[in-house]
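Colleague: First the structure, then my questions, so here it is.
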Amino acid sequence: WIFSTVYYFLLPIGAAYAPGLFKVKIIGVINFGYIFALSQFIVSWALAHYYAHVANKDFDRLTRELVDELK
């Protein structure tokens with residue numbers, strides 16, 4: 001949670017305090033700011049994938065144990 005929050009706020013803070021960095025051209029008209037903004041989608045999907053993996057591994061086991069105990 002901390003990593004994703006810090007990463008999220010780096011975009012507006014970086015754009016405000018380091019606008020020159022966000023204007024650096026990477027590929028044609030695509031600059032660092034666009035790449036950084038798009039990378040937030042990748043980070044979000046990676047965190048969602050990790051959470052789903054942990055939830056399926058741990059939470060499903062705990063739910064199954066709880067249901068067995070209640071029966």
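In the structure tokens, the first chain shown is A, the next is B, and so on; residue numbers restart at 1 for each chain, and ligands run from 1 in the order shown.
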According to DSSP computed on the backbone, where in chain A is there alpha helix (DSSP H)? Give the residues as an NGL selection string.
Modeller: :A and (2-17 or 19-22 or 32-54 or 60-70)
Colleague: From a DSSP pass on the backbone, collect the residues of chain A flagged as strand (DSSP E or B) and hand them back as an mmCIF file with C-alpha atoms, in the first residue's frame.
Modeller:
data_model
loop_
_atom_site.group_PDB
_atom_site.id
_atom_site.type_symbol
_atom_site.label_atom_id
_atom_site.label_comp_id
_atom_site.auth_asym_id
_atom_site.auth_seq_id
_atom_site.Cartn_x
_atom_site.Cartn_y
_atom_site.Cartn_z
ATOM 1 C CA LYS A 25 11.611 13.117 -25.025
ATOM 2 C CA ILE A 26 12.004 9.335 -24.948
ATOM 3 C CA ILE A 27 10.526 8.095 -28.241
ATOM 4 C CA ILE A 30 6.429 10.616 -26.209
ATOM 5 C CA ASN A 31 8.104 12.123 -23.181
#
Colleague: Just want the 10 Å neighbourhood of stretch 44-61 of chain A, counted on only C-alpha atoms, with same-chain residues fewer than 4 positions away dropped. Output as a PyMOL selection string.
Modeller: chain A and resi 1+3-4+8+39-40+65-67
Colleague: With N, CA, C and O atoms retained, export the selected residues as a compact mmCIF listing (two decimals), in the first residue's frame.
Modeller:
# COMPACT_ATOMS: atom_id res chain seq x y z
N TRP A 1 0.82 -1.19 0.00
CA TRP A 1 0.00 0.00 0.00
C TRP A 1 0.87 1.26 0.00
O TRP A 1 0.58 2.21 -0.72
N PHE A 3 3.99 1.61 -1.05
CA PHE A 3 4.66 1.77 -2.34
C PHE A 3 3.73 2.35 -3.38
O PHE A 3 4.10 3.29 -4.11
N SER A 4 2.51 1.82 -3.48
CA SER A 4 1.60 2.30 -4.52
C SER A 4 1.18 3.75 -4.26
O SER A 4 1.02 4.52 -5.21
N TYR A 8 2.04 6.73 -6.77
CA TYR A 8 0.95 7.53 -7.31
C TYR A 8 1.22 9.03 -7.16
O TYR A 8 1.02 9.80 -8.09
N SER A 39 3.10 3.96 -16.79
CA SER A 39 3.68 2.93 -15.92
C SER A 39 2.83 2.73 -14.66
O SER A 39 2.88 1.67 -14.05
N GLN A 40 2.06 3.73 -14.29
CA GLN A 40 1.19 3.57 -13.13
C GLN A 40 0.11 2.51 -13.37
O GLN A 40 -0.30 1.81 -12.46
N GLU A 65 -11.36 -23.62 5.69
CA GLU A 65 -11.21 -24.11 7.06
C GLU A 65 -12.36 -23.62 7.94
O GLU A 65 -12.88 -24.37 8.78
N LEU A 66 -12.78 -22.39 7.75
CA LEU A 66 -13.89 -21.84 8.53
C LEU A 66 -15.19 -22.57 8.22
O LEU A 66 -15.96 -22.94 9.12
N VAL A 67 -15.45 -22.82 6.96
CA VAL A 67 -16.67 -23.53 6.55
C VAL A 67 -16.65 -24.95 7.11
O VAL A 67 -17.65 -25.45 7.62
Colleague: Excluding same-chain residues fewer than 2 positions from A:Leu21, what lies within 12 Å of it counting only C-alpha atoms, as a list of chain:residue names?
Modeller: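 Counting only the stated atoms, we get A:Leu11, A:Ile13, A:Gly14, A:Ala15, A:Ala16, A:Tyr17, A:Ala18, A:Pro19, A:Lys23, A:Val24, A:Lys25, A:Ile26, A:Asn31, A:Phe32, A:Gly33, A:Tyr34, A:Ile35, A:Phe36.
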